[in-house]
Amino acid sequence: MAHSEPQYWLMKSEPDAFSVDDLAKKPNSPWDGVRNYQARNFMRQMKKEDGVFFYHSSCKIPGIAGIAKITREAYPDFTAWDPKSDYFDTKSSPENPRWDMVDLSLVEKWTRVITLADLKKTEALEGFQLLKKGNRLSVMPVSHEQWHHILTLKNQLTSQPL
DNA sequence: GCCAACGTTGGC
DNA sequence: GCCAACGTTGGC
């Protein structure tokens, strides 16, 4: 396949640390600090132009705040060998990097956050990894079906008064 | 601030 | 390789 279909993902960020507005201000932001193997492995599968739901977690109204895209594929997360970084990991080094990151740019900030509660109410999203009990994964795949269901939901909710 | 769920660590 | 202890995530 010369041109493979884009894949879709969801990535969580705490808006106090890095919000959708921060991403809007800084195209090609490195997504550093992922220190979970499953999440890292998903990032390694990401391709340029893949779509990403930007999710705000650990905040007042958790939910999807907008869409981003991958602008650079996985490369070593250098914050892992920076002793001054919060994400410093003694087991990672430039010679033997353990953690990867990707770069992202914002595509669109949504005028209304599609909240976790909105998503939970949507029958078509049953089985979505994000909605599973105890799910703490910060990077996860989104199927094409789920992606389009969520876009439809977003269009419905955005055209309605709150 | 609480706590359930989960991942990681380290002793054995 | 098991598993208890511990730390972290993230919704509420």
# chains A, B, ... in the order shown; residues from 1 in each chain; ligands from 1
$ closest_atom_pairs --of "chain A" --to "chain B" --cutoff "9 Å" --atoms "only C-alpha atoms (C1' of nucleotides)" --output "CSV"
residue,atom,partner,partner_atom,distance
A:Asn36,CA,B:DG7,C1',8.2
A:Lys133,CA,B:DA5,C1',7.9
A:Gly134,CA,B:DA5,C1',4.8
A:Asn135,CA,B:DA5,C1',7.6
A:Arg136,CA,B:DC6,C1',7.3
$ residues_around --residues "range 91-104 of chain A" --least-positions-apart "6" --cutoff "10 Å" --atoms "only C-alpha atoms (C1' of nucleotides)" --output "PyMOL selection string"
chain A and resi 23+26-37+39-41+43-44+46-52+68-82
$ select_by_dssp --residues "range 59-111 of chain A" --states "helix (DSSP H, G or I)" --output "list in words"
Phe78, Thr79, Ala80 and Trp81 of chain A
$ write_last_selection --atoms "N, CA and C atoms" --output "mmCIF file, in the first residue's frame"
data_model
loop_
_atom_site.group_PDB
_atom_site.id
_atom_site.type_symbol
_atom_site.label_atom_id
_atom_site.label_comp_id
_atom_site.auth_asym_id
_atom_site.auth_seq_id
_atom_site.Cartn_x
_atom_site.Cartn_y
_atom_site.Cartn_z
ATOM 1 N N PHE A 78 13.945 12.524 25.015
ATOM 2 C CA PHE A 78 15.205 12.937 25.658
ATOM 3 C C PHE A 78 14.999 13.440 27.079
ATOM 4 N N THR A 79 13.765 13.714 27.464
ATOM 5 C CA THR A 79 13.554 14.143 28.857
ATOM 6 C C THR A 79 13.896 13.003 29.822
ATOM 7 N N ALA A 80 13.940 11.775 29.301
ATOM 8 C CA ALA A 80 14.212 10.622 30.163
ATOM 9 C C ALA A 80 15.649 10.621 30.676
ATOM 10 N N TRP A 81 16.575 11.267 29.948
ATOM 11 C CA TRP A 81 17.953 11.290 30.448
ATOM 12 C C TRP A 81 18.376 12.701 30.873
#
$ residues_around --residues "Asp21 in chain A" --least-positions-apart "4" --cutoff "12 Å" --atoms "only C-alpha atoms (C1' of nucleotides)" --output "PyMOL selection string"
chain A and resi 13-17+25-27+29+54+56+65-68+105-111
$ select_by_dssp --residues "chain A" --states "strand (DSSP E or B)" --output "ChimeraX atom specification"
/A:8-13,29-30,51-56,63-76,100-115,139-142
$ write_last_selection --atoms "N, CA and C atoms" --output "compact mmCIF listing (two decimals), in the first residue's frame"
# COMPACT_ATOMS: atom_id res chain seq x y z
N TYR A 8 -6.30 6.22 13.96
CA TYR A 8 -6.81 7.19 14.92
C TYR A 8 -6.44 6.81 16.34
N TRP A 9 -6.27 7.83 17.17
CA TRP A 9 -5.79 7.63 18.53
C TRP A 9 -6.49 8.59 19.47
N LEU A 10 -6.36 8.29 20.76
CA LEU A 10 -6.77 9.24 21.79
C LEU A 10 -5.60 9.41 22.74
N MET A 11 -5.30 10.66 23.06
CA MET A 11 -4.20 10.93 23.98
C MET A 11 -4.68 11.85 25.09
N LYS A 12 -4.32 11.46 26.32
CA LYS A 12 -4.78 12.21 27.50
C LYS A 12 -3.71 13.19 27.95
N SER A 13 -4.18 14.34 28.37
CA SER A 13 -3.28 15.30 28.98
C SER A 13 -4.02 16.03 30.08
N SER A 29 4.37 20.14 18.88
CA SER A 29 4.75 19.93 20.28
C SER A 29 5.17 18.49 20.51
N PRO A 30 6.30 18.28 21.17
CA PRO A 30 6.68 16.91 21.53
C PRO A 30 5.80 16.39 22.67
N GLY A 51 -4.83 10.81 13.03
CA GLY A 51 -5.69 11.70 13.80
C GLY A 51 -5.69 11.37 15.28
N VAL A 52 -5.78 12.39 16.11
CA VAL A 52 -5.73 12.21 17.56
C VAL A 52 -6.83 13.01 18.23
N PHE A 53 -7.62 12.34 19.05
CA PHE A 53 -8.52 13.06 19.96
C PHE A 53 -7.69 13.54 21.14
N PHE A 54 -7.76 14.83 21.40
CA PHE A 54 -7.01 15.42 22.51
C PHE A 54 -7.92 15.45 23.73
N TYR A 55 -7.59 14.63 24.72
CA TYR A 55 -8.48 14.43 25.86
C TYR A 55 -7.92 15.11 27.11
N HIS A 56 -8.78 15.86 27.77
CA HIS A 56 -8.40 16.49 29.04
C HIS A 56 -8.77 15.56 30.21
N GLY A 63 -12.86 15.26 29.21
CA GLY A 63 -13.45 14.98 27.92
C GLY A 63 -12.54 15.39 26.77
N ILE A 64 -13.06 15.18 25.54
CA ILE A 64 -12.28 15.48 24.35
C ILE A 64 -12.42 16.96 24.02
N ALA A 65 -11.27 17.62 23.90
CA ALA A 65 -11.27 19.07 23.72
C ALA A 65 -10.99 19.49 22.28
N GLY A 66 -10.56 18.54 21.45
CA GLY A 66 -10.26 18.88 20.07
C GLY A 66 -9.54 17.77 19.36
N ILE A 67 -9.11 18.08 18.14
CA ILE A 67 -8.43 17.10 17.29
C ILE A 67 -7.02 17.59 17.00
N ALA A 68 -6.09 16.65 17.04
CA ALA A 68 -4.71 16.95 16.69
C ALA A 68 -4.26 15.93 15.64
N LYS A 69 -3.07 16.14 15.11
CA LYS A 69 -2.52 15.15 14.19
C LYS A 69 -1.05 14.95 14.48
N ILE A 70 -0.57 13.78 14.09
CA ILE A 70 0.83 13.44 14.28
C ILE A 70 1.67 14.15 13.22
N THR A 71 2.68 14.88 13.65
CA THR A 71 3.55 15.56 12.70
C THR A 71 4.96 14.98 12.67
N ARG A 72 5.28 14.17 13.66
CA ARG A 72 6.57 13.47 13.63
C ARG A 72 6.41 12.13 14.31
N GLU A 73 6.94 11.10 13.65
CA GLU A 73 6.78 9.75 14.19
C GLU A 73 7.77 9.50 15.33
N ALA A 74 7.59 8.39 16.01
CA ALA A 74 8.29 8.12 17.27
C ALA A 74 9.80 8.31 17.19
N TYR A 75 10.33 9.00 18.19
CA TYR A 75 11.77 9.19 18.35
C TYR A 75 12.04 9.26 19.85
N PRO A 76 13.31 9.08 20.25
CA PRO A 76 13.59 8.95 21.68
C PRO A 76 13.17 10.18 22.49
N ASP A 100 9.90 6.68 24.06
CA ASP A 100 9.74 7.42 22.82
C ASP A 100 8.68 8.50 22.97
N MET A 101 8.72 9.45 22.05
CA MET A 101 7.64 10.43 21.96
C MET A 101 7.35 10.70 20.49
N VAL A 102 6.24 11.38 20.24
CA VAL A 102 5.87 11.82 18.89
C VAL A 102 5.63 13.33 18.98
N ASP A 103 5.56 13.98 17.81
CA ASP A 103 5.16 15.39 17.79
C ASP A 103 3.73 15.52 17.27
N LEU A 104 3.04 16.53 17.82
CA LEU A 104 1.63 16.76 17.49
C LEU A 104 1.39 18.21 17.15
N SER A 105 0.42 18.44 16.25
CA SER A 105 -0.09 19.80 16.04
C SER A 105 -1.59 19.77 16.19
N LEU A 106 -2.14 20.89 16.64
CA LEU A 106 -3.59 20.98 16.77
C LEU A 106 -4.21 21.15 15.39
N VAL A 107 -5.30 20.45 15.16
CA VAL A 107 -6.07 20.60 13.92
C VAL A 107 -7.26 21.50 14.19
N GLU A 108 -8.02 21.18 15.23
CA GLU A 108 -9.12 22.06 15.63
C GLU A 108 -9.45 21.91 17.09
N LYS A 109 -9.66 23.05 17.71
CA LYS A 109 -10.18 23.05 19.08
C LYS A 109 -11.69 23.08 18.97
N TRP A 110 -12.36 22.23 19.71
CA TRP A 110 -13.81 22.19 19.64
C TRP A 110 -14.42 23.30 20.48
N THR A 111 -15.56 23.80 20.02
CA THR A 111 -16.22 24.89 20.75
C THR A 111 -16.87 24.38 22.02
N ARG A 112 -17.05 23.05 22.09
CA ARG A 112 -17.63 22.46 23.28
C ARG A 112 -16.89 21.17 23.55
N VAL A 113 -16.44 20.98 24.77
CA VAL A 113 -15.77 19.74 25.13
C VAL A 113 -16.79 18.61 25.09
N ILE A 114 -16.43 17.52 24.43
CA ILE A 114 -17.30 16.34 24.45
C ILE A 114 -16.89 15.55 25.68
N THR A 115 -17.73 15.65 26.70
CA THR A 115 -17.34 15.18 28.02
C THR A 115 -17.37 13.66 28.12
N VAL A 139 -2.54 6.68 26.22
CA VAL A 139 -2.52 6.67 24.76
C VAL A 139 -3.22 5.40 24.32
N MET A 140 -4.24 5.54 23.48
CA MET A 140 -4.96 4.33 23.07
C MET A 140 -5.47 4.46 21.64
N PRO A 141 -5.63 3.33 20.97
CA PRO A 141 -6.17 3.39 19.62
C PRO A 141 -7.68 3.65 19.62
N VAL A 142 -8.14 4.28 18.56
CA VAL A 142 -9.57 4.54 18.33
C VAL A 142 -9.89 3.94 16.98
$ atom_distance --atom1 "CA of Ser57 in chain A" --atom2 "CA of Ser19 in chain A"
9.8 Å
$ residues_around --residues "Leu119 in chain A" --least-positions-apart "4" --cutoff "10 Å" --atoms "only C-alpha atoms (C1' of nucleotides)" --output "list in words"
Gly63, Ile64, Ile114, Thr115, Glu123, Ala124, Leu125, Glu126, Phe128, Leu130, Leu131, His149, Ile150, Leu153 and Lys154 of chain A
$ write_last_selection --atoms "C-alpha atoms" --output "tab-separated table (two decimals), in the first residue's frame"
chain	number	residue	atom	x	y	z
A	63	GLY	CA	-13.45	14.98	27.92
A	64	ILE	CA	-12.28	15.48	24.35
A	114	ILE	CA	-17.30	16.34	24.45
A	115	THR	CA	-17.34	15.18	28.02
A	123	GLU	CA	-24.53	3.44	23.03
A	124	ALA	CA	-22.44	3.10	19.90
A	125	LEU	CA	-19.31	3.60	21.98
A	126	GLU	CA	-19.86	0.60	24.19
A	128	PHE	CA	-14.46	1.80	23.83
A	130	LEU	CA	-11.51	4.85	27.34
A	131	LEU	CA	-14.84	3.97	28.94
A	149	HIS	CA	-19.30	8.10	15.99
A	150	ILE	CA	-17.56	10.64	18.17
A	153	LEU	CA	-21.80	13.10	18.51
A	154	LYS	CA	-19.70	16.25	18.55
